[in-house]
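> The file below is input_8.cif, mmCIF, C-alpha atoms:
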```cif
data_model
#
loop_
_atom_site.label_atom_id
_atom_site.label_comp_id
_atom_site.auth_asym_id
_atom_site.auth_seq_id
_atom_site.Cartn_x
_atom_site.Cartn_y
_atom_site.Cartn_z
CA MET A 5 0.25 19.70 -35.96
CA SER A 6 -1.87 18.41 -38.83
CA ASP A 7 0.70 15.74 -39.67
CA PRO A 8 -0.65 12.55 -38.05
CA ALA A 9 2.88 11.31 -37.38
CA THR A 10 3.59 14.19 -34.99
CA VAL A 11 0.24 14.27 -33.18
CA ARG A 12 0.49 12.75 -29.72
CA LYS A 13 -2.04 10.10 -28.88
CA ALA A 14 -2.63 8.66 -25.43
CA LYS A 15 -1.50 5.05 -25.00
CA GLY A 16 -2.98 4.64 -21.55
CA THR A 17 -4.65 6.40 -18.69
CA VAL A 18 -4.64 6.67 -14.91
CA PHE A 19 -7.23 5.67 -12.32
CA VAL A 20 -7.41 7.82 -9.20
CA LYS A 21 -9.19 7.15 -5.90
CA PRO A 22 -9.49 10.74 -4.64
CA GLU A 23 -10.75 9.70 -1.19
CA VAL A 24 -7.46 8.01 -0.15
CA CYS A 25 -5.06 10.54 -1.72
CA LYS A 26 -2.99 12.62 0.71
CA GLY A 27 -1.60 15.03 -1.87
CA CYS A 28 2.08 14.10 -1.47
CA SER A 29 2.67 14.86 -5.20
CA TYR A 30 5.08 11.93 -5.77
CA CYS A 31 3.12 10.92 -8.89
CA ILE A 32 3.08 14.45 -10.29
CA GLU A 33 6.79 15.00 -9.61
CA PHE A 34 8.04 11.71 -11.03
CA CYS A 35 5.67 11.18 -13.98
CA PRO A 36 8.04 10.59 -16.92
CA THR A 37 5.83 12.56 -19.33
CA ASP A 38 4.63 15.22 -16.84
CA CYS A 39 1.02 14.59 -17.71
CA LEU A 40 -0.38 14.77 -14.15
CA GLU A 41 -1.36 17.87 -12.20
CA PHE A 42 -3.21 18.75 -9.01
CA SER A 43 -6.98 18.92 -9.25
CA ARG A 44 -8.75 22.17 -8.48
CA GLU A 45 -11.16 20.27 -6.22
CA PHE A 46 -10.43 19.04 -2.72
CA ASN A 47 -11.14 15.55 -1.48
CA ALA A 48 -12.96 14.89 1.80
CA LYS A 49 -9.75 15.34 3.81
CA GLY A 50 -8.91 18.63 2.11
CA TYR A 51 -6.12 17.49 -0.17
CA HIS A 52 -5.80 18.20 -3.87
CA TYR A 53 -5.59 14.89 -5.70
CA PRO A 54 -3.88 14.27 -9.05
CA VAL A 55 -5.72 14.42 -12.36
CA LEU A 56 -4.55 13.97 -15.93
CA GLY A 57 -3.66 17.48 -17.10
CA THR A 58 -2.58 16.46 -20.58
CA PRO A 59 -4.26 13.07 -21.16
CA ASP A 60 -2.69 12.72 -24.60
CA ASP A 61 0.78 12.47 -23.05
CA CYS A 62 -0.07 9.50 -20.82
CA THR A 63 1.63 6.29 -21.90
CA GLY A 64 0.09 4.15 -19.17
CA CYS A 65 3.54 3.19 -17.87
CA GLY A 66 2.19 2.82 -14.33
CA LEU A 67 5.10 4.53 -12.60
CA CYS A 68 2.64 6.75 -10.70
CA GLY A 69 1.11 3.60 -9.21
CA LEU A 70 4.53 2.34 -8.17
CA TYR A 71 5.37 5.63 -6.44
CA CYS A 72 2.01 6.33 -4.78
CA PRO A 73 2.45 5.69 -1.02
CA ASP A 74 -1.31 5.78 -0.47
CA PHE A 75 -2.30 3.29 -3.19
CA ALA A 76 -4.55 6.03 -4.61
CA ILE A 77 -3.43 6.12 -8.25
CA PHE A 78 -2.27 3.68 -10.87
CA GLY A 79 -1.81 3.80 -14.60
CA ALA A 80 -2.58 1.20 -17.24
CA ARG A 81 -2.16 0.87 -20.97
CA PHE A 82 -5.33 0.76 -23.07
CA LYS A 83 -4.52 -2.72 -24.34
CA ASP A 84 -4.19 -4.05 -20.79
CA ILE A 85 -7.46 -2.36 -19.84
CA GLU A 86 -9.14 -4.06 -22.79
CA VAL A 87 -7.76 -7.46 -21.72
CA ALA A 88 -9.02 -6.86 -18.16
CA ARG A 89 -12.43 -5.81 -19.45
CA VAL A 90 -12.77 -8.92 -21.64
CA THR A 91 -11.65 -11.18 -18.76
CA ALA A 92 -14.13 -9.55 -16.37
CA ALA A 93 -16.94 -9.87 -18.90
CA ALA A 94 -16.15 -13.56 -19.39
CA ARG A 95 -16.14 -14.11 -15.64
CA GLN A 96 -19.48 -12.31 -15.32
CA ALA A 97 -20.94 -14.42 -18.14
CA SER A 98 -19.81 -17.64 -16.45
CA LEU A 99 -21.40 -16.44 -13.18
CA ASP A 100 -24.66 -15.64 -14.95
CA ASN A 101 -24.79 -19.08 -16.63
CA PRO A 102 -23.21 -21.47 -14.14
CA THR A 103 -24.39 -24.56 -16.04
CA SER A 104 -22.42 -23.83 -19.23
CA MET B 15 -32.03 -2.73 -4.60
CA SER B 16 -32.64 -1.09 -7.93
CA GLU B 17 -29.73 1.25 -7.19
CA ALA B 18 -27.38 -1.69 -6.66
CA ILE B 19 -28.36 -3.16 -10.01
CA GLN B 20 -27.84 0.23 -11.59
CA ASP B 21 -24.34 0.38 -10.07
CA ASP B 22 -23.50 -3.06 -11.42
CA GLN B 23 -24.61 -2.06 -14.88
CA ASP B 24 -22.52 1.11 -14.73
CA LEU B 25 -19.46 -0.85 -13.63
CA SER B 26 -19.79 -3.42 -16.39
CA GLY B 27 -19.57 -0.62 -18.93
CA MET B 28 -16.47 0.84 -17.24
CA PRO B 29 -13.01 -0.66 -17.60
CA MET B 30 -12.71 -3.33 -14.89
CA MET B 31 -9.34 -2.40 -13.45
CA ASP B 32 -8.15 -2.46 -9.89
CA ASN B 33 -4.90 -1.19 -8.49
CA PRO B 34 -2.39 -4.06 -8.87
CA VAL B 35 -1.36 -3.67 -5.22
CA MET B 36 -4.91 -4.16 -3.91
CA PRO B 37 -5.03 -8.00 -3.87
CA TYR B 38 -2.07 -7.94 -1.45
CA LEU B 39 -3.57 -5.45 1.01
CA ARG B 40 -6.13 -5.83 3.79
CA GLN B 41 -8.44 -3.38 2.11
CA GLU B 42 -10.61 -2.74 5.14
CA ARG B 43 -7.56 -1.10 6.77
CA ILE B 44 -6.91 1.33 3.90
CA PRO B 45 -6.40 4.34 4.02
CA HIS B 46 -3.35 3.74 6.17
CA ILE B 47 -2.04 5.97 8.95
CA TRP B 48 1.26 6.98 7.32
CA CYS B 49 1.74 10.72 6.92
CA PRO B 50 1.41 12.52 3.58
CA GLY B 51 4.82 12.29 1.89
CA CYS B 52 6.01 9.27 3.89
CA GLY B 53 7.82 6.76 1.70
CA ILE B 54 6.82 3.53 3.45
CA GLY B 55 3.79 3.01 1.19
CA THR B 56 6.05 3.21 -1.85
CA THR B 57 8.23 0.41 -0.48
CA VAL B 58 5.08 -1.67 0.08
CA ASN B 59 4.17 -1.10 -3.58
CA CYS B 60 7.57 -2.34 -4.66
CA PHE B 61 7.37 -5.36 -2.35
CA THR B 62 3.97 -6.42 -3.65
CA ARG B 63 5.11 -6.02 -7.27
CA ALA B 64 8.12 -8.16 -6.48
CA ILE B 65 6.08 -10.99 -4.95
CA GLU B 66 3.73 -10.76 -7.92
CA GLU B 67 6.59 -10.95 -10.44
CA ALA B 68 8.37 -13.69 -8.51
CA ALA B 69 5.03 -15.61 -8.45
CA SER B 70 5.65 -16.42 -4.79
CA ASP B 71 3.30 -18.90 -3.16
CA LEU B 72 1.42 -16.60 -0.80
CA ASP B 73 0.65 -19.50 1.56
CA LYS B 74 4.40 -19.99 2.03
CA LEU B 75 5.25 -16.35 2.59
CA ALA B 76 5.11 -14.84 6.06
CA ILE B 77 5.84 -11.28 7.06
CA VAL B 78 6.94 -10.20 10.53
CA SER B 79 7.19 -6.64 11.79
CA GLY B 80 8.25 -4.96 14.97
CA ILE B 81 6.92 -1.73 16.39
CA GLY B 82 7.00 1.62 14.65
CA CYS B 83 5.66 3.25 11.53
CA THR B 84 7.20 0.56 9.32
CA GLY B 85 6.01 -2.07 11.78
CA ARG B 86 2.49 -1.47 10.55
CA VAL B 87 3.34 -3.03 7.18
CA ALA B 88 2.57 -6.48 8.62
CA GLY B 89 -0.91 -5.26 9.46
CA TYR B 90 -1.62 -3.85 6.03
CA LEU B 91 -0.31 -6.71 3.87
CA ASN B 92 -2.79 -9.52 3.28
CA LEU B 93 -0.25 -12.25 4.00
CA ASP B 94 0.34 -14.44 7.02
CA SER B 95 1.79 -11.81 9.29
CA PHE B 96 2.67 -11.06 12.86
CA HIS B 97 3.23 -7.74 14.60
CA THR B 98 5.73 -8.50 17.35
CA THR B 99 6.83 -6.58 20.40
CA HIS B 100 9.42 -3.85 20.01
CA GLY B 101 12.67 -5.09 18.48
CA ARG B 102 11.73 -8.76 18.59
CA ALA B 103 10.76 -9.23 14.95
CA ILE B 104 13.92 -11.21 14.13
CA PRO B 105 13.67 -13.66 17.09
CA PHE B 106 10.04 -14.34 16.23
CA ALA B 107 10.91 -14.78 12.54
CA THR B 108 13.76 -17.12 13.49
CA GLY B 109 11.35 -19.32 15.44
CA LEU B 110 8.85 -19.22 12.60
CA LYS B 111 11.46 -20.25 10.08
CA LEU B 112 12.85 -23.06 12.21
CA SER B 113 9.47 -24.50 13.13
CA ASN B 114 8.31 -24.43 9.50
CA PRO B 115 11.38 -24.46 7.25
CA GLU B 116 9.27 -24.36 4.09
CA LEU B 117 8.15 -20.80 4.85
CA SER B 118 9.81 -17.84 3.24
CA VAL B 119 9.99 -15.36 6.11
CA VAL B 120 10.33 -11.61 5.57
CA VAL B 121 11.10 -9.21 8.41
CA TYR B 122 9.85 -5.74 7.51
CA SER B 123 10.68 -3.10 10.07
CA GLY B 124 12.23 0.26 10.76
CA ASP B 125 15.72 1.36 11.72
CA GLY B 126 14.86 2.03 15.36
CA ASP B 127 13.19 -1.34 15.81
CA LEU B 128 15.82 -3.40 14.01
CA PHE B 129 18.99 -1.62 15.12
CA ALA B 130 18.34 0.05 18.47
CA ILE B 131 16.03 -2.20 20.42
CA GLY B 132 16.61 -5.25 18.23
CA GLY B 133 20.22 -4.60 17.25
CA ASN B 134 21.50 -7.59 19.17
CA HIS B 135 19.06 -9.92 17.43
CA PHE B 136 20.02 -8.54 14.04
CA MET B 137 23.69 -9.18 14.66
CA HIS B 138 23.16 -12.75 15.81
CA ALA B 139 20.70 -13.69 13.08
CA ALA B 140 23.23 -12.42 10.50
CA ARG B 141 26.08 -14.25 12.25
CA ARG B 142 24.12 -17.53 12.21
CA ASN B 143 23.01 -16.87 8.63
CA MET B 144 19.40 -17.50 9.49
CA ASP B 145 17.32 -17.83 6.32
CA LEU B 146 15.45 -14.52 6.53
CA LEU B 147 14.92 -11.49 4.29
CA VAL B 148 15.26 -8.41 6.49
CA VAL B 149 13.90 -5.19 5.01
CA CYS B 150 14.79 -2.04 6.95
CA VAL B 151 13.01 1.18 6.02
CA ASN B 152 15.44 3.78 7.31
CA ASN B 153 13.97 7.22 7.98
CA PHE B 154 16.76 8.34 10.38
CA THR B 155 14.44 8.87 13.33
CA TYR B 156 11.84 7.36 15.64
CA GLY B 157 8.77 8.46 13.70
CA MET B 158 5.93 7.07 15.78
CA THR B 159 7.16 8.27 19.17
CA GLY B 160 7.96 11.88 18.28
CA GLY B 161 11.31 12.17 16.54
CA GLN B 162 13.94 11.03 19.04
CA VAL B 163 17.52 10.33 18.00
CA ALA B 164 17.83 6.92 16.36
CA PRO B 165 21.02 4.88 15.81
CA THR B 166 21.00 6.07 12.20
CA THR B 167 20.49 9.82 12.78
CA PRO B 168 23.31 11.61 10.94
CA ILE B 169 25.70 13.92 12.80
CA GLY B 170 24.36 17.48 12.87
CA ALA B 171 20.69 16.59 12.49
CA THR B 172 18.34 18.25 14.97
CA GLN B 173 15.95 15.92 16.78
CA THR B 174 13.59 16.19 19.74
CA THR B 175 16.19 14.71 22.09
CA MET B 176 19.09 16.56 20.40
CA PRO B 177 17.77 20.13 20.02
CA TYR B 178 21.27 21.48 19.35
CA GLY B 179 22.12 18.87 16.75
CA ASN B 180 23.14 15.24 16.99
CA PHE B 181 26.77 14.49 17.88
CA GLU B 182 26.54 10.70 18.11
CA ASN B 183 28.19 8.67 15.41
CA PRO B 184 25.46 6.96 13.33
CA ALA B 185 25.55 3.26 12.47
CA SER B 186 26.16 2.36 8.84
CA LEU B 187 23.62 -0.41 8.38
CA PRO B 188 25.12 -2.15 5.30
CA PHE B 189 28.54 -2.18 7.00
CA LEU B 190 27.02 -3.70 10.13
CA ALA B 191 25.17 -6.36 8.13
CA ASP B 192 28.26 -7.17 6.07
CA ALA B 193 30.50 -7.42 9.13
CA ALA B 194 28.00 -9.66 10.92
CA GLY B 195 27.95 -12.03 7.95
CA ALA B 196 24.85 -11.30 5.84
CA THR B 197 24.87 -13.03 2.45
CA PHE B 198 23.09 -10.25 0.54
CA VAL B 199 23.30 -6.56 1.40
CA ALA B 200 21.72 -3.81 -0.70
CA ARG B 201 20.64 -0.23 -0.27
CA TRP B 202 18.08 1.67 -2.32
CA THR B 203 15.96 4.73 -1.76
CA VAL B 204 12.29 5.43 -2.24
CA TYR B 205 13.18 7.16 -5.51
CA HIS B 206 14.56 3.90 -7.05
CA VAL B 207 11.24 2.06 -7.34
CA ARG B 208 12.09 -0.13 -10.32
CA GLN B 209 15.51 -1.06 -8.96
CA LEU B 210 14.01 -1.75 -5.54
CA THR B 211 11.38 -4.05 -7.06
CA ARG B 212 14.13 -5.97 -8.89
CA CYS B 213 16.19 -6.11 -5.70
CA PHE B 214 13.25 -7.53 -3.69
CA LYS B 215 12.66 -10.12 -6.39
CA GLU B 216 16.33 -11.10 -6.46
CA ALA B 217 16.53 -11.30 -2.68
CA LEU B 218 13.35 -13.40 -2.42
CA GLY B 219 15.01 -15.97 -4.69
CA LYS B 220 18.13 -16.30 -2.53
CA LYS B 221 18.93 -18.16 0.66
CA GLY B 222 20.56 -17.01 3.83
CA PHE B 223 20.39 -13.75 5.74
CA ARG B 224 19.53 -11.06 3.21
CA PHE B 225 19.38 -7.40 4.18
CA ILE B 226 17.90 -4.51 2.20
CA GLU B 227 18.08 -0.96 3.51
CA ILE B 228 15.61 1.50 2.01
CA LEU B 229 16.00 5.21 2.67
CA ALA B 230 12.62 6.89 3.11
CA PRO B 231 11.69 10.46 4.03
CA CYS B 232 9.96 11.26 7.32
CA PRO B 233 8.35 14.61 6.45
CA THR B 234 6.59 15.12 9.78
CA LEU B 235 9.59 14.77 12.08
CA PHE B 236 13.01 14.37 10.49
CA LEU B 237 12.52 16.69 7.51
CA ARG B 238 10.51 19.32 9.37
CA ARG B 239 12.94 19.59 12.28
CA ASN B 240 15.89 19.83 9.93
CA ARG B 241 14.15 22.17 7.47
CA LEU B 242 14.73 19.76 4.61
CA GLY B 243 11.40 20.43 2.94
CA ASP B 244 8.57 18.04 2.22
CA GLY B 245 8.65 14.33 1.41
CA VAL B 246 8.80 14.94 -2.31
CA ASP B 247 11.75 17.35 -1.86
CA MET B 248 13.70 14.63 -0.06
CA VAL B 249 12.92 12.09 -2.79
CA ARG B 250 14.19 14.66 -5.32
CA THR B 251 17.34 14.94 -3.18
CA TYR B 252 17.71 11.13 -3.33
CA LYS B 253 17.47 11.40 -7.12
CA GLU B 254 20.19 14.06 -7.26
CA LYS B 255 22.56 12.74 -4.58
CA SER B 256 22.43 9.00 -5.14
CA VAL B 257 25.37 7.27 -6.79
CA LEU B 258 25.04 3.72 -8.07
CA ARG B 259 27.99 1.62 -6.93
CA ASN B 260 27.28 -2.10 -7.05
CA GLY B 261 29.78 -4.15 -5.09
CA ALA B 262 31.04 -1.09 -3.20
CA ASP B 263 33.09 -1.62 -0.06
CA THR B 264 30.55 -1.32 2.75
CA LYS B 265 33.10 0.63 4.82
CA GLU B 266 32.62 3.52 2.42
CA VAL B 267 28.84 3.71 2.20
CA GLY B 268 28.13 5.69 5.41
CA LEU B 269 25.52 8.43 5.27
CA GLY B 270 25.71 12.06 6.32
CA LEU B 271 23.06 14.73 6.64
CA THR B 272 24.14 15.93 3.19
CA GLY B 273 26.55 14.36 0.76
CA GLU B 274 26.29 11.50 -1.63
CA ILE B 275 24.12 8.42 -1.06
CA VAL B 276 25.74 5.25 -2.35
CA VAL B 277 23.10 2.79 -3.57
CA GLY B 278 23.27 -0.64 -5.11
CA THR B 279 23.91 -4.25 -4.17
CA PHE B 280 27.01 -4.27 -2.00
CA VAL B 281 27.36 -7.90 -0.95
CA ASP B 282 26.19 -11.07 -2.66
CA ARG B 283 27.88 -14.24 -1.43
CA GLU B 284 27.11 -17.83 -0.54
CA ARG B 285 27.30 -19.22 2.97
CA PRO B 286 25.61 -22.29 4.47
CA THR B 287 22.46 -21.28 6.33
CA TRP B 288 21.92 -22.18 9.98
CA LEU B 289 19.75 -25.20 9.13
CA GLU B 290 22.25 -26.47 6.55
CA SER B 291 25.11 -26.09 9.01
CA MET B 292 23.15 -27.87 11.73
CA ASN B 293 22.21 -30.76 9.44
CA ASP B 294 25.77 -31.13 8.16
CA HIS B 295 27.22 -31.03 11.65
CA PHE B 296 24.79 -33.50 13.23
CA GLY B 297 25.06 -35.69 10.12
CA LYS B 298 28.81 -35.91 10.76
CA VAL B 299 28.43 -36.49 14.51
CA PHE B 300 25.55 -38.99 14.51
CA GLY B 301 25.89 -40.55 11.04
CA ASP B 302 22.87 -42.59 9.95
CA ARG B 303 21.09 -42.11 13.25
CA TYR B 304 20.37 -38.47 12.27
CA SER B 305 17.59 -37.54 9.84
CA ARG B 306 17.93 -34.13 8.23
CA TYR B 307 15.47 -31.44 9.30
CA GLY B 308 13.98 -28.99 6.80
CA GLY B 309 15.94 -29.97 3.68
#
```
Can you dump the structure from the file as structure tokens?

Amino acid sequence: MSDPATVRKAKGTVFVKPEVCKGCSYCIEFCPTDCLEFSREFNAKGYHYPVLGTPDDCTGCGLCGLYCPDFAIFGARFKDIEVARVTAAARQASLDNPTS
Amino acid sequence: MSEAIQDDQDLSGMPMMDNPVMPYLRQERIPHIWCPGCGIGTTVNCFTRAIEEAASDLDKLAIVSGIGCTGRVAGYLNLDSFHTTHGRAIPFATGLKLSNPELSVVVYSGDGDLFAIGGNHFMHAARRNMDLLVVCVNNFTYGMTGGQVAPTTPIGATQTTMPYGNFENPASLPFLADAAGATFVARWTVYHVRQLTRCFKEALGKKGFRFIEILAPCPTLFLRRNRLGDGVDMVRTYKEKSVLRNGADTKEVGLGLTGEIVVGTFVDRERPTWLESMNDHFGKVFGDRYSRYGG
């Protein structure tokens, strides 16, 4: 485990909207790295929603988002999240200074 | 007011990511009414990814649905859409296409709507090779009205109107579409999300009458009455039982209650569309006096 070459490191993460999840478990069943599991908490409708059980296994492939029939979960790679963050910050800056 | 500013500040620190399907949905209508474990939402995911990858002009894309669970897709997608009366999605789409030939028209409906009430329209639109993409989400039953026998219900399946098991021969939808003259016929299941996305993208780039059948579980009615488990169990069954056979003879792709599920692109051929045929014909009859309509 101490060898850095064998230590798993997360390449992405998932974003979950618990309030629209209906607990169908498609994402948990078909996650290629089996990194999702049901939460212990319930959402407002009484369903268990998915959470990252082993976050280090997540590659951000986004297959959970493609399967989710309720549009409640999606995955993204860290580098894509960084690109989105930079783009959003630039848009915000242009809104704050409309003259430039 | 101060709370709103606080929220904005919190959000700017967080990764600014939104679900990639969200720009294509009417977000005020989400969460949708489909049951937990229903596969229709998954097909909508695949469809939106396909129009994103194909970089379709959203002003030139229209979606038409009939009645039923799948018929609600037109209401949830943030495109130009129309929710027609039962079974009349294809006639409406035909009129839409002919009045505005630049539009790319997609009919998105269920098996009961397209093949029972609207079966006649399906046959004639395929025969004329009307330039439409018809997507049929097949869940083997009438979901919204309480689980009656549909034209696709397999022999032996128990339904509300067949409590001792169905004995009617089901329609094989790819065979019907092929025989009626569709130019592109494919079948996928809810399990094959990547393949389905590719198939949507391919079909959106083609002309003529294109038909895609998608098998989806109906956990509330079809699966429960037949004791086939939950939605995810059926998708696992699709994974185990499906056999990829591109170019398969559509005579041999019928579905049973159990047994293998042949998936793939069965038919891909070229035929002149209705508008092309009309222009060619009138061009021959009237010569220079005729100006072509819609390219």
> Apply the PyMOL selection byres ((chain A) within 8 of (chain B)) to the displayed file and report the matching residues as a PyMOL selection string.
chain A and resi 24+26-30+33+69-75+77-78+85-86+88-89+92-93
> Do you have the CA of Asn153 (chain B)-CA of Phe96 (chain B) distance handy?
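Computing the Euclidean distance for CA of Asn153 (chain B) and CA of Phe96 (chain B) yields 22.0 Å.
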> Give as a ChimeraX atom specification the residues that the PyMOL selection byres ((chain B and resi 227-238) around 7) matches when applied to the coordinates above.
/B:51-54,149-153,155,157,161,200-204,225-226,239-245,248
> Care to translate the PyMOL selection byres ((chain A and resi 53) around 8) into actual residues of this file, as a PyMOL selection string?
chain A and resi 22+25-27+42-43+45-47+51-52+54-55
> Counting only C-alpha atoms, find the residues whose atoms lie at most 10 Å from (0.8, 14.2, -15.7) (file coordinates) and write them out as a PyMOL selection string.
chain A and resi 17-18+31-42+54-62+68
> Which residues, written as a list in words, have at least one atom at most 10 Å from region 296-307 of chain B, with all atoms listed in the file counted and residues fewer than 5 positions away on the same chain left out?
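Residues near the query, excluding close chain neighbours: Leu112, Ser113, Pro115, Leu289, Glu290 and Ser291 of chain B.
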